[in-house]
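This is entry.cif (mmCIF, C-alpha atoms).
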```
data_run
#
loop_
_atom_site.group_PDB
_atom_site.id
_atom_site.type_symbol
_atom_site.label_atom_id
_atom_site.label_comp_id
_atom_site.auth_asym_id
_atom_site.auth_seq_id
_atom_site.Cartn_x
_atom_site.Cartn_y
_atom_site.Cartn_z
ATOM 1 C CA MET Q 1 96.978 118.263 118.836
ATOM 2 C CA PRO Q 2 98.585 114.837 119.413
ATOM 3 C CA LEU Q 3 97.296 111.874 117.416
ATOM 4 C CA VAL Q 4 96.890 109.704 120.517
ATOM 5 C CA ARG Q 5 96.262 110.987 124.036
ATOM 6 C CA GLU Q 6 95.826 109.053 127.233
ATOM 7 C CA ILE Q 7 93.041 110.236 129.549
ATOM 8 C CA LYS Q 8 91.390 108.778 132.652
ATOM 9 C CA LYS Q 9 88.659 107.070 130.608
ATOM 10 C CA GLY Q 10 91.084 105.510 128.119
ATOM 11 C CA LEU Q 11 92.619 106.718 124.858
ATOM 12 C CA LEU Q 12 91.673 109.483 122.455
ATOM 13 C CA LEU Q 13 92.563 109.010 118.781
ATOM 14 C CA ASN Q 14 92.484 111.932 116.378
ATOM 15 C CA ILE Q 15 91.860 110.460 112.961
ATOM 16 C CA VAL Q 16 91.001 111.443 109.415
ATOM 17 C CA ILE Q 17 88.402 109.239 107.741
ATOM 18 C CA LYS Q 18 88.331 108.599 103.991
ATOM 19 C CA PRO Q 19 84.883 107.193 103.105
ATOM 20 C CA ASN Q 20 84.055 105.528 99.758
ATOM 21 C CA SER Q 21 87.431 103.761 99.736
ATOM 22 C CA ARG Q 22 88.211 100.496 97.963
ATOM 23 C CA GLU Q 23 88.957 98.713 101.230
ATOM 24 C CA ASN Q 24 88.981 99.305 104.959
ATOM 25 C CA GLN Q 25 92.471 100.011 106.252
ATOM 26 C CA ILE Q 26 94.515 102.204 108.574
ATOM 27 C CA LYS Q 27 97.567 104.192 107.559
ATOM 28 C CA SER Q 28 99.454 106.282 110.051
ATOM 29 C CA ASN Q 29 102.474 108.513 110.094
ATOM 30 C CA THR Q 30 103.777 111.229 112.395
ATOM 31 C CA GLU Q 31 101.131 113.702 111.192
ATOM 32 C CA ASN Q 32 97.944 111.657 110.685
ATOM 33 C CA ILE Q 33 96.044 108.505 111.440
ATOM 34 C CA ILE Q 34 94.037 107.935 108.263
ATOM 35 C CA VAL Q 35 91.275 105.333 108.254
ATOM 36 C CA PHE Q 36 89.929 104.292 104.859
ATOM 37 C CA ILE Q 37 86.329 103.047 104.999
ATOM 38 C CA LYS Q 38 84.295 101.480 102.170
ATOM 39 C CA SER Q 39 80.942 102.939 103.233
ATOM 40 C CA PRO Q 40 79.709 106.279 101.912
ATOM 41 C CA PRO Q 41 79.267 109.203 104.307
ATOM 42 C CA VAL Q 42 75.472 108.951 104.173
ATOM 43 C CA LYS Q 43 73.188 108.742 107.222
ATOM 44 C CA GLY Q 44 76.047 107.749 109.535
ATOM 45 C CA LYS Q 45 76.999 104.621 107.544
ATOM 46 C CA ALA Q 46 80.698 105.515 107.399
ATOM 47 C CA ASN Q 47 80.769 106.352 111.121
ATOM 48 C CA LYS Q 48 79.129 103.041 111.997
ATOM 49 C CA GLU Q 49 81.517 101.076 109.774
ATOM 50 C CA LEU Q 50 84.452 103.032 111.211
ATOM 51 C CA LEU Q 51 83.660 101.908 114.765
ATOM 52 C CA ILE Q 52 83.063 98.306 113.686
ATOM 53 C CA TYR Q 53 86.329 98.262 111.728
ATOM 54 C CA LEU Q 54 88.379 99.810 114.541
ATOM 55 C CA SER Q 55 86.914 97.382 117.078
ATOM 56 C CA SER Q 56 87.997 94.445 114.911
ATOM 57 C CA VAL Q 57 91.490 95.846 114.238
ATOM 58 C CA PHE Q 58 92.118 96.700 117.888
ATOM 59 C CA LYS Q 59 90.342 93.535 119.147
ATOM 60 C CA LEU Q 60 87.951 95.511 121.346
ATOM 61 C CA SER Q 61 84.256 95.430 122.069
ATOM 62 C CA LYS Q 62 82.236 97.850 119.925
ATOM 63 C CA THR Q 63 80.910 99.356 123.155
ATOM 64 C CA GLN Q 64 84.432 100.515 124.068
ATOM 65 C CA LEU Q 65 84.584 102.829 121.048
ATOM 66 C CA SER Q 66 82.713 106.060 120.436
ATOM 67 C CA ILE Q 67 83.045 109.156 118.288
ATOM 68 C CA ILE Q 68 83.216 112.123 120.622
ATOM 69 C CA SER Q 69 83.700 114.820 117.997
ATOM 70 C CA GLY Q 70 83.496 115.122 114.226
ATOM 71 C CA HIS Q 71 80.278 113.196 113.583
ATOM 72 C CA LYS Q 72 79.781 115.088 110.312
ATOM 73 C CA SER Q 73 83.431 115.771 109.553
ATOM 74 C CA LYS Q 74 86.332 113.804 108.100
ATOM 75 C CA ASN Q 75 88.366 114.777 111.176
ATOM 76 C CA LYS Q 76 87.178 112.761 114.152
ATOM 77 C CA THR Q 77 88.135 112.111 117.746
ATOM 78 C CA ILE Q 78 87.558 108.527 118.851
ATOM 79 C CA LEU Q 79 87.377 107.534 122.510
ATOM 80 C CA ILE Q 80 88.555 104.046 123.405
ATOM 81 C CA GLU Q 81 87.146 103.481 126.896
ATOM 82 C CA ASN Q 82 88.333 101.210 129.682
ATOM 83 C CA SER Q 83 91.469 100.132 127.885
ATOM 84 C CA ASP Q 84 94.059 98.650 130.204
ATOM 85 C CA SER Q 85 97.776 99.247 129.772
ATOM 86 C CA LYS Q 86 98.225 96.085 127.705
ATOM 87 C CA GLN Q 87 95.413 97.084 125.315
ATOM 88 C CA LYS Q 88 96.838 100.605 125.022
ATOM 89 C CA GLU Q 89 100.242 99.204 124.151
ATOM 90 C CA GLU Q 90 98.725 96.865 121.537
ATOM 91 C CA ILE Q 91 96.762 99.739 119.961
ATOM 92 C CA LEU Q 92 99.885 101.888 119.749
ATOM 93 C CA ASN Q 93 101.829 98.987 118.214
ATOM 94 C CA ILE Q 94 99.098 98.453 115.602
ATOM 95 C CA LEU Q 95 99.217 102.125 114.682
ATOM 96 C CA LYS Q 96 103.020 102.030 114.432
ATOM 97 C CA SER Q 97 102.969 98.902 112.274
ATOM 98 C CA ASP Q 98 100.534 100.539 109.846
ATOM 99 C CA ASN Q 99 102.942 103.357 109.019
ATOM 100 C CA SER Q 100 103.238 104.168 105.363
#
```
This structure in structure tokens:
Amino acid sequence: MPLVREIKKGLLLNIVIKPNSRENQIKSNTENIIVFIKSPPVKGKANKELLIYLSSVFKLSKTQLSIISGHKSKNKTILIENSDSKQKEEILNILKSDNS
């Protein structure tokens, strides 16, 4: 499955989340988009922090982001809704610049 897919509603990101990390950050390569989150995976705290963090990194409204699968898994699919072509390009550039 591709890491980033464009659909009518916006973009789908397939990510791996690493809760209980030292700092929030994104690392991506050709195989994974890994998002490190400080919060523990307890009562949805890591999921909530994930969406807040991604909205700040991608400069989007929190309402544009949602987890559509993987609520209780480290592998998640994130929907970025209503993103225009400029926003999509910026998101892809951010992911490319965070390669490790």
Hits from the PyMOL selection byres ((chain Q and resi 5) around 12), listed as a short mmCIF file (atom, residue, chain, number, x, y, z; two decimals) with C-alpha atoms, in the coordinates of the input:
```
data_model
loop_
_atom_site.label_atom_id
_atom_site.label_comp_id
_atom_site.auth_asym_id
_atom_site.auth_seq_id
_atom_site.Cartn_x
_atom_site.Cartn_y
_atom_site.Cartn_z
CA MET Q 1 96.98 118.26 118.84
CA PRO Q 2 98.58 114.84 119.41
CA LEU Q 3 97.30 111.87 117.42
CA VAL Q 4 96.89 109.70 120.52
CA GLU Q 6 95.83 109.05 127.23
CA ILE Q 7 93.04 110.24 129.55
CA LYS Q 8 91.39 108.78 132.65
CA LYS Q 9 88.66 107.07 130.61
CA GLY Q 10 91.08 105.51 128.12
CA LEU Q 11 92.62 106.72 124.86
CA LEU Q 12 91.67 109.48 122.46
CA LEU Q 13 92.56 109.01 118.78
CA ASN Q 14 92.48 111.93 116.38
CA ILE Q 15 91.86 110.46 112.96
CA THR Q 77 88.14 112.11 117.75
CA ILE Q 78 87.56 108.53 118.85
CA LEU Q 79 87.38 107.53 122.51
CA ILE Q 80 88.56 104.05 123.40
CA LYS Q 88 96.84 100.60 125.02
CA ILE Q 91 96.76 99.74 119.96
CA LEU Q 92 99.88 101.89 119.75
#
```
Result set of the PyMOL selection byres ((chain Q and resi 60) around 12) on the coordinates above, as a VMD selection string
chain Q and resid 51 to 59 61 to 66 80 to 84 87 to 88 90 to 91
Selection result for the PyMOL selection byres ((chain Q and resi 28) around 12) on this file, as an mmCIF file with C-alpha atoms, in the frame of the given file:
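File written: out.cif
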```
data_model
loop_
_atom_site.group_PDB
_atom_site.id
_atom_site.type_symbol
_atom_site.label_atom_id
_atom_site.label_comp_id
_atom_site.auth_asym_id
_atom_site.auth_seq_id
_atom_site.Cartn_x
_atom_site.Cartn_y
_atom_site.Cartn_z
ATOM 1 C CA LEU Q 3 97.296 111.874 117.416
ATOM 2 C CA VAL Q 4 96.890 109.704 120.517
ATOM 3 C CA LEU Q 13 92.563 109.010 118.781
ATOM 4 C CA ASN Q 14 92.484 111.932 116.378
ATOM 5 C CA ILE Q 15 91.860 110.460 112.961
ATOM 6 C CA VAL Q 16 91.001 111.443 109.415
ATOM 7 C CA ILE Q 17 88.402 109.239 107.741
ATOM 8 C CA GLN Q 25 92.471 100.011 106.252
ATOM 9 C CA ILE Q 26 94.515 102.204 108.574
ATOM 10 C CA LYS Q 27 97.567 104.192 107.559
ATOM 11 C CA ASN Q 29 102.474 108.513 110.094
ATOM 12 C CA THR Q 30 103.777 111.229 112.395
ATOM 13 C CA GLU Q 31 101.131 113.702 111.192
ATOM 14 C CA ASN Q 32 97.944 111.657 110.685
ATOM 15 C CA ILE Q 33 96.044 108.505 111.440
ATOM 16 C CA ILE Q 34 94.037 107.935 108.263
ATOM 17 C CA VAL Q 35 91.275 105.333 108.254
ATOM 18 C CA PHE Q 36 89.929 104.292 104.859
ATOM 19 C CA LEU Q 92 99.885 101.888 119.749
ATOM 20 C CA ASN Q 93 101.829 98.987 118.214
ATOM 21 C CA ILE Q 94 99.098 98.453 115.602
ATOM 22 C CA LEU Q 95 99.217 102.125 114.682
ATOM 23 C CA LYS Q 96 103.020 102.030 114.432
ATOM 24 C CA SER Q 97 102.969 98.902 112.274
ATOM 25 C CA ASP Q 98 100.534 100.539 109.846
ATOM 26 C CA ASN Q 99 102.942 103.357 109.019
ATOM 27 C CA SER Q 100 103.238 104.168 105.363
#
```
Selection near Asn20 of chain Q, 7 Å with all atoms listed in the file, sequence-local residues under 6 positions removed, as a list in words:
Ile37, Lys38, Ser39 and Pro40 of chain Q
Rounded to one decimal place, report the atom CA of Lys18 of chain Q-atom CA of Asn75 of chain Q distance in Å.
9.5 Å
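With atom CA of Asn24 of chain Q on one side and atom CA of Lys86 of chain Q on the other, the separation reads 24.8 Å.
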List every protein, DNA or RNA residue with an atom no more than 9 Å from (81.6, 108.9, 107.1) in the file's coordinates, counting only C-alpha atoms, and format the result as a count of residues only.
21
Mind completing segment 40-56 of chain Q with N, CA and C atoms? Output as an mmCIF file, in the coordinates of the input, please?
```cif
data_model
loop_
_atom_site.group_PDB
_atom_site.id
_atom_site.type_symbol
_atom_site.label_atom_id
_atom_site.label_comp_id
_atom_site.auth_asym_id
_atom_site.auth_seq_id
_atom_site.Cartn_x
_atom_site.Cartn_y
_atom_site.Cartn_z
ATOM 1 N N PRO Q 40 79.844 104.856 102.238
ATOM 2 C CA PRO Q 40 79.709 106.279 101.912
ATOM 3 C C PRO Q 40 79.334 107.081 103.166
ATOM 4 N N PRO Q 41 79.606 108.375 103.150
ATOM 5 C CA PRO Q 41 79.267 109.203 104.307
ATOM 6 C C PRO Q 41 77.804 109.647 104.271
ATOM 7 N N VAL Q 42 76.908 108.678 104.275
ATOM 8 C CA VAL Q 42 75.472 108.951 104.173
ATOM 9 C C VAL Q 42 74.764 108.353 105.378
ATOM 10 N N LYS Q 43 74.003 109.183 106.080
ATOM 11 C CA LYS Q 43 73.188 108.742 107.222
ATOM 12 C C LYS Q 43 73.991 107.963 108.259
ATOM 13 N N GLY Q 44 75.234 108.372 108.489
ATOM 14 C CA GLY Q 44 76.047 107.749 109.535
ATOM 15 C C GLY Q 44 76.635 106.392 109.183
ATOM 16 N N LYS Q 45 76.483 105.949 107.918
ATOM 17 C CA LYS Q 45 76.999 104.621 107.544
ATOM 18 C C LYS Q 45 78.505 104.527 107.709
ATOM 19 N N ALA Q 46 79.234 105.553 107.283
ATOM 20 C CA ALA Q 46 80.698 105.515 107.399
ATOM 21 C C ALA Q 46 81.121 105.537 108.868
ATOM 22 N N ASN Q 47 80.434 106.316 109.683
ATOM 23 C CA ASN Q 47 80.769 106.352 111.121
ATOM 24 C C ASN Q 47 80.547 104.990 111.763
ATOM 25 N N LYS Q 48 79.435 104.358 111.433
ATOM 26 C CA LYS Q 48 79.129 103.041 111.997
ATOM 27 C C LYS Q 48 80.180 102.019 111.568
ATOM 28 N N GLU Q 49 80.510 102.018 110.265
ATOM 29 C CA GLU Q 49 81.517 101.076 109.774
ATOM 30 C C GLU Q 49 82.888 101.376 110.373
ATOM 31 N N LEU Q 50 83.187 102.642 110.591
ATOM 32 C CA LEU Q 50 84.452 103.032 111.211
ATOM 33 C C LEU Q 50 84.601 102.377 112.582
ATOM 34 N N LEU Q 51 83.588 102.480 113.415
ATOM 35 C CA LEU Q 51 83.660 101.908 114.765
ATOM 36 C C LEU Q 51 83.749 100.387 114.732
ATOM 37 N N ILE Q 52 83.000 99.769 113.830
ATOM 38 C CA ILE Q 52 83.063 98.306 113.686
ATOM 39 C C ILE Q 52 84.461 97.883 113.230
ATOM 40 N N TYR Q 53 84.994 98.590 112.244
ATOM 41 C CA TYR Q 53 86.329 98.262 111.728
ATOM 42 C C TYR Q 53 87.399 98.439 112.806
ATOM 43 N N LEU Q 54 87.375 99.583 113.502
ATOM 44 C CA LEU Q 54 88.379 99.810 114.541
ATOM 45 C C LEU Q 54 88.272 98.786 115.663
ATOM 46 N N SER Q 55 87.055 98.388 116.017
ATOM 47 C CA SER Q 55 86.914 97.382 117.078
ATOM 48 C C SER Q 55 87.527 96.052 116.650
ATOM 49 N N SER Q 56 87.401 95.708 115.374
ATOM 50 C CA SER Q 56 87.997 94.445 114.911
ATOM 51 C C SER Q 56 89.520 94.551 114.820
#
```
